[in-house]
Amino acid sequence: MEDRDYMALALELAERGAGWTCPNPMVGAVIVKDGRIIGQGYHQRCGALHAEREALAACQSDPCGATLYVTLEPCCHQGRQPPCVDAILAAGIRRVVVGCTDPNPLVGGRGIALLREHGVEVAVGVMEEACRELNRFFFHYILTHRPYVVMKYAMTMDGKIAAYTGDAKWITGEAAREHVHRLRHRCRGILVGVGTVLADDPMLNCRLPGGRDPVRIICDTHLRTPLTARVVTTAGEIPTILATCETAPERCRPYEAAGCRVLTLPAREGRVDLGALLDQLGGLEMDSLLLEGGGTLNWTALEQGLVQSVCAYLAPKLLGGAGAKTPVEGTGVPSPEQAFLLKNTRLQQLGEDFLLESEVEYHVHGDR
């Protein structure tokens, strides 16, 4: 086996931490000595051992003189866990192969430099693109202090997210809906507008066996969410945040009594300032957000440059209806030349449906 083979295994291990490591990155590690894997591990959840220490603890023989493969640069600072560089040096690891460097200012190449200063051979950039893609949520969060936003919607081939009656069950089939719940497991929060709560009374949970429920965030400028809504009555079981512009304590108190957290935010054009909301959520260590809003909320997030990627589930159906809802509404752009561009698009078939995943490239609206 070559370096790429061992790094591919480390990536597979890292993926097992999806949904659990926030706000930390997903990391996998493999230790090889004399052509044999003697230890492997991954960062299982925030607060648990880092991948390098997991792999060292799992070693079946003395790791002195071995090679360590790790998807992300080893940390060199004290956080929830002690520095991994110290453990690597203490174990006598001879060579470290790193997938990609850590953009965290507390690390940022220092881990690699420390290893080299102590005589450890370090190779960097093996399967770098795959290692960076694995942690795109973390990288965005650590650099901007805001969650990475994924806009998700399901639509028919004529661009409708519901029939003209408002009925949207079900646009897509079971395979696509299961994929959505994998996204809910992976993203730390899920954001909808109060209109979605009023229309559908959703749970906004993850229905995968053993999955992790995202924190539910309701964008509700004037606190119109009914106290009987399921997101309120189950707030004691699944963390729920109401983002509002209301300041009167008596308006907020019933929701807080039900177990909700109320964030009072400034208004922007008569609605909750989404940028201010993302700042608050970043301060709560949310590295990622699944936007499942309606057309108005989606447009607002796009217009303000807050969406990083789009997951569009496309069903081979036609609904028609001049008034039927579409995924992005709002004012819109005046010409195709000013459209929001999508790049690095990937296509995946899910049963009879298709998933189109793209990154948003801002060149006219919003900030990069």
# chains A, B, ... in the order shown; residues from 1 in each chain; ligands from 1
$ residues_around --residues "segment 157-165 of chain A" --least-positions-apart "2" --cutoff "12 Å" --atoms "only C-alpha atoms" --output "MDAnalysis selection string"
chainID A and resid 152:155 167:172 199:200 292:295 312:329 353:354
$ write_last_selection --atoms "N, CA and C atoms" --output "compact mmCIF listing (two decimals), in the first residue's frame"
# COMPACT_ATOMS: atom_id res chain seq x y z
N LYS A 152 -31.30 24.00 1.05
CA LYS A 152 -31.85 22.73 0.56
C LYS A 152 -33.32 22.92 0.18
N TYR A 153 -33.70 22.32 -0.95
CA TYR A 153 -35.11 22.30 -1.32
C TYR A 153 -35.36 21.13 -2.27
N ALA A 154 -36.62 20.72 -2.35
CA ALA A 154 -37.04 19.69 -3.29
C ALA A 154 -38.03 20.32 -4.25
N MET A 155 -37.84 20.08 -5.55
CA MET A 155 -38.74 20.69 -6.53
C MET A 155 -38.99 19.73 -7.69
N ASP A 167 -49.94 21.94 -1.17
CA ASP A 167 -49.61 20.56 -0.82
C ASP A 167 -48.23 20.20 -1.38
N ALA A 168 -47.32 19.77 -0.49
CA ALA A 168 -45.96 19.43 -0.92
C ALA A 168 -45.56 18.00 -0.56
N LYS A 169 -46.50 17.21 -0.12
CA LYS A 169 -46.20 15.83 0.30
C LYS A 169 -46.69 14.84 -0.74
N TRP A 170 -45.78 14.08 -1.34
CA TRP A 170 -44.35 14.30 -1.27
C TRP A 170 -43.84 14.65 -2.66
N ILE A 171 -42.96 15.64 -2.75
CA ILE A 171 -42.36 15.98 -4.03
C ILE A 171 -41.40 14.88 -4.46
N THR A 172 -40.56 14.43 -3.53
CA THR A 172 -39.56 13.41 -3.84
C THR A 172 -39.89 12.09 -3.16
N ALA A 199 -47.54 26.79 8.27
CA ALA A 199 -48.15 26.00 7.19
C ALA A 199 -48.06 24.50 7.44
N ASP A 200 -46.93 24.03 7.98
CA ASP A 200 -46.69 22.58 8.03
C ASP A 200 -46.57 22.00 9.43
N GLU A 292 -33.82 25.32 5.27
CA GLU A 292 -34.99 24.67 4.66
C GLU A 292 -36.15 25.66 4.60
N GLY A 293 -35.85 26.88 4.24
CA GLY A 293 -36.87 27.91 4.23
C GLY A 293 -37.70 27.92 2.97
N GLY A 294 -38.66 28.81 2.95
CA GLY A 294 -39.45 29.02 1.76
C GLY A 294 -38.75 29.99 0.83
N GLY A 295 -39.43 30.37 -0.25
CA GLY A 295 -38.83 31.21 -1.27
C GLY A 295 -38.35 32.56 -0.78
N ALA A 312 -30.27 20.78 -4.32
CA ALA A 312 -31.59 20.80 -4.98
C ALA A 312 -31.97 19.37 -5.34
N TYR A 313 -33.05 18.87 -4.73
CA TYR A 313 -33.57 17.55 -5.04
C TYR A 313 -34.60 17.72 -6.15
N LEU A 314 -34.39 17.06 -7.26
CA LEU A 314 -35.20 17.26 -8.46
C LEU A 314 -36.03 16.00 -8.74
N ALA A 315 -37.35 16.16 -8.72
CA ALA A 315 -38.25 15.03 -8.96
C ALA A 315 -38.76 15.07 -10.40
N PRO A 316 -38.82 13.93 -11.08
CA PRO A 316 -39.32 13.89 -12.46
C PRO A 316 -40.85 13.99 -12.50
N LYS A 317 -41.34 15.17 -12.12
CA LYS A 317 -42.78 15.45 -12.07
C LYS A 317 -43.02 16.87 -12.58
N LEU A 318 -44.24 17.13 -13.00
CA LEU A 318 -44.65 18.47 -13.39
C LEU A 318 -45.92 18.82 -12.63
N LEU A 319 -45.93 19.98 -11.96
CA LEU A 319 -47.09 20.39 -11.18
C LEU A 319 -47.86 21.53 -11.84
N GLY A 320 -47.16 22.41 -12.54
CA GLY A 320 -47.84 23.56 -13.13
C GLY A 320 -48.38 24.50 -12.06
N GLY A 321 -49.12 25.48 -12.49
CA GLY A 321 -49.73 26.44 -11.57
C GLY A 321 -48.96 27.74 -11.51
N ALA A 322 -49.57 28.80 -12.04
CA ALA A 322 -48.88 30.09 -12.06
C ALA A 322 -48.56 30.58 -10.67
N GLY A 323 -49.38 30.22 -9.69
CA GLY A 323 -49.16 30.69 -8.33
C GLY A 323 -48.46 29.69 -7.44
N ALA A 324 -48.09 28.55 -7.99
CA ALA A 324 -47.42 27.53 -7.18
C ALA A 324 -46.04 28.04 -6.74
N LYS A 325 -45.66 27.68 -5.52
CA LYS A 325 -44.43 28.19 -4.93
C LYS A 325 -43.18 27.65 -5.63
N THR A 326 -42.16 28.52 -5.66
CA THR A 326 -40.86 28.14 -6.21
C THR A 326 -39.79 28.28 -5.12
N PRO A 327 -38.62 27.67 -5.31
CA PRO A 327 -37.63 27.64 -4.22
C PRO A 327 -37.07 28.99 -3.83
N VAL A 328 -36.90 29.90 -4.80
CA VAL A 328 -36.32 31.21 -4.50
C VAL A 328 -37.24 32.27 -5.08
N GLU A 329 -37.77 33.12 -4.23
CA GLU A 329 -38.72 34.14 -4.69
C GLU A 329 -38.12 35.52 -4.46
N ASP A 353 -35.34 10.12 -8.24
CA ASP A 353 -35.04 11.54 -8.16
C ASP A 353 -33.55 11.80 -8.37
N PHE A 354 -33.20 13.09 -8.44
CA PHE A 354 -31.82 13.49 -8.64
C PHE A 354 -31.46 14.56 -7.62
$ residues_around --residues "Gly39 of chain A" --least-positions-apart "4" --cutoff "9 Å" --atoms "only C-alpha atoms" --output "list in words"
Ala29, Val30, Ile31, Val32, Glu54, Ala55, Leu56, Ala57, Ala58, Cys59, Gln60, Ser61 and Pro63 of chain A
$ atom_distance --atom1 "atom CA of Val307 of chain A" --atom2 "atom CA of Met151 of chain A"
6.6 Å
$ residues_around --residues "Tyr42 of chain A" --least-positions-apart "5" --cutoff "10 Å" --atoms "only C-alpha atoms" --output "NGL selection string"
:A and (10-17 or 26-30 or 48-55 or 70-71)
$ select_by_dssp --residues "segment 23-195 of chain A" --states "helix (DSSP H, G or I)" --output "PyMOL selection string"
chain A and resi 51-57+84-91+110-117+128-134+136-144+174-186+194-195
$ select_by_dssp --residues "segment 69-100 of chain A" --states "strand (DSSP E)" --output "VMD selection string"
chain A and resid 69 to 72 95 to 100
$ residues_around --residues "Val333 of chain A" --least-positions-apart "4" --cutoff "10 Å" --atoms "only C-alpha atoms" --output "ChimeraX atom specification"
/A:303,337-340,365
$ write_last_selection --atoms "N, CA, C and O atoms" --output "CSV table (one decimal), in the first residue's frame"
chain,number,residue,atom,x,y,z
A,303,GLU,N,-29.4,36.9,-1.2
A,303,GLU,CA,-29.2,38.4,-1.5
A,303,GLU,C,-28.2,38.9,-0.6
A,303,GLU,O,-27.4,39.8,-1.0
A,337,GLU,N,-27.6,38.2,-16.6
A,337,GLU,CA,-26.2,38.5,-16.4
A,337,GLU,C,-25.9,38.7,-14.9
A,337,GLU,O,-24.8,38.6,-14.4
A,338,GLN,N,-27.0,39.0,-14.1
A,338,GLN,CA,-26.8,39.2,-12.7
A,338,GLN,C,-27.2,38.1,-11.8
A,338,GLN,O,-27.4,38.2,-10.6
A,339,ALA,N,-27.4,36.9,-12.5
A,339,ALA,CA,-27.8,35.7,-11.7
A,339,ALA,C,-26.7,35.3,-10.7
A,339,ALA,O,-25.5,35.5,-10.9
A,340,PHE,N,-27.1,34.6,-9.7
A,340,PHE,CA,-26.2,34.0,-8.8
A,340,PHE,C,-25.6,32.7,-9.5
A,340,PHE,O,-26.4,31.9,-10.0
A,365,HIS,N,-23.8,40.0,-6.0
A,365,HIS,CA,-24.5,40.3,-4.8
A,365,HIS,C,-23.7,39.7,-3.6
A,365,HIS,O,-23.0,38.7,-3.7
$ residues_around --residues "Ala267 of chain A" --least-positions-apart "5" --cutoff "8 Å" --atoms "only C-alpha atoms" --output "count of residues only"
3
$ closest_residue --among "A:Gln348, A:Asn298, A:Gln81, A:Thr228" --to "Asp201 of chain A" --atoms "only C-alpha atoms"
A:Thr228
$ atom_distance --atom1 "atom CA of Arg4 of chain A" --atom2 "atom CA of Val97 of chain A"
9.8 Å
$ closest_residue --among "A:Pro226, A:Gly108, A:Pro202, A:Gly47" --to "Pro23 of chain A" --atoms "only C-alpha atoms"
A:Gly47
$ residues_around --residues "Cys206 of chain A" --least-positions-apart "3" --cutoff "10 Å" --atoms "only C-alpha atoms" --output "list in words"
Glu178, Val180, His181, Arg182, Leu183, Arg184, His185, Arg186, Met203, Pro209, Gly210, Gly211, Arg212, Asp213 and Pro214 of chain A
$ write_last_selection --atoms "N, CA and C atoms" --output "PDB file, in the first residue's frame"
ATOM      1  N   GLU A 178     -34.543  10.261   2.659  1.00  0.00           N
ATOM      2  CA  GLU A 178     -33.540   9.708   3.573  1.00  0.00           C
ATOM      3  C   GLU A 178     -32.237  10.504   3.488  1.00  0.00           C
ATOM      4  N   VAL A 180     -31.981  13.638   2.843  1.00  0.00           N
ATOM      5  CA  VAL A 180     -32.224  14.880   3.577  1.00  0.00           C
ATOM      6  C   VAL A 180     -31.948  14.678   5.062  1.00  0.00           C
ATOM      7  N   HIS A 181     -32.366  13.538   5.594  1.00  0.00           N
ATOM      8  CA  HIS A 181     -32.152  13.291   7.020  1.00  0.00           C
ATOM      9  C   HIS A 181     -30.680  13.055   7.322  1.00  0.00           C
ATOM     10  N   ARG A 182     -29.912  12.565   6.358  1.00  0.00           N
ATOM     11  CA  ARG A 182     -28.467  12.480   6.551  1.00  0.00           C
ATOM     12  C   ARG A 182     -27.866  13.880   6.617  1.00  0.00           C
ATOM     13  N   LEU A 183     -28.411  14.801   5.804  1.00  0.00           N
ATOM     14  CA  LEU A 183     -27.974  16.202   5.873  1.00  0.00           C
ATOM     15  C   LEU A 183     -28.331  16.816   7.229  1.00  0.00           C
ATOM     16  N   ARG A 184     -29.534  16.516   7.708  1.00  0.00           N
ATOM     17  CA  ARG A 184     -29.947  17.047   9.017  1.00  0.00           C
ATOM     18  C   ARG A 184     -29.038  16.524  10.129  1.00  0.00           C
ATOM     19  N   HIS A 185     -28.617  15.277  10.008  1.00  0.00           N
ATOM     20  CA  HIS A 185     -27.697  14.708  10.984  1.00  0.00           C
ATOM     21  C   HIS A 185     -26.348  15.423  10.932  1.00  0.00           C
ATOM     22  N   ARG A 186     -25.904  15.737   9.741  1.00  0.00           N
ATOM     23  CA  ARG A 186     -24.562  16.302   9.568  1.00  0.00           C
ATOM     24  C   ARG A 186     -24.499  17.777   9.926  1.00  0.00           C
ATOM     25  N   MET A 203     -41.550  18.930  12.544  1.00  0.00           N
ATOM     26  CA  MET A 203     -40.701  18.586  13.685  1.00  0.00           C
ATOM     27  C   MET A 203     -39.266  19.042  13.466  1.00  0.00           C
ATOM     28  N   PRO A 209     -31.989   6.221  12.375  1.00  0.00           N
ATOM     29  CA  PRO A 209     -31.674   5.502  13.620  1.00  0.00           C
ATOM     30  C   PRO A 209     -30.294   5.910  14.126  1.00  0.00           C
ATOM     31  N   GLY A 210     -30.229   6.389  15.348  1.00  0.00           N
ATOM     32  CA  GLY A 210     -28.955   6.815  15.914  1.00  0.00           C
ATOM     33  C   GLY A 210     -28.469   8.156  15.424  1.00  0.00           C
ATOM     34  N   GLY A 211     -29.305   8.867  14.657  1.00  0.00           N
ATOM     35  CA  GLY A 211     -28.915  10.173  14.137  1.00  0.00           C
ATOM     36  C   GLY A 211     -28.999  11.260  15.189  1.00  0.00           C
ATOM     37  N   ARG A 212     -28.393  12.390  14.885  1.00  0.00           N
ATOM     38  CA  ARG A 212     -28.385  13.533  15.806  1.00  0.00           C
ATOM     39  C   ARG A 212     -29.330  14.603  15.297  1.00  0.00           C
ATOM     40  N   ASP A 213     -30.224  15.043  16.151  1.00  0.00           N
ATOM     41  CA  ASP A 213     -31.140  16.113  15.760  1.00  0.00           C
ATOM     42  C   ASP A 213     -30.397  17.441  15.664  1.00  0.00           C
ATOM     43  N   PRO A 214     -30.642  18.212  14.605  1.00  0.00           N
ATOM     44  CA  PRO A 214     -30.047  19.553  14.542  1.00  0.00           C
ATOM     45  C   PRO A 214     -30.763  20.493  15.508  1.00  0.00           C
TER      46      PRO A 214
END
$ atom_distance --atom1 "atom CA of Pro105 of chain A" --atom2 "atom CA of Gly305 of chain A"
24.2 Å
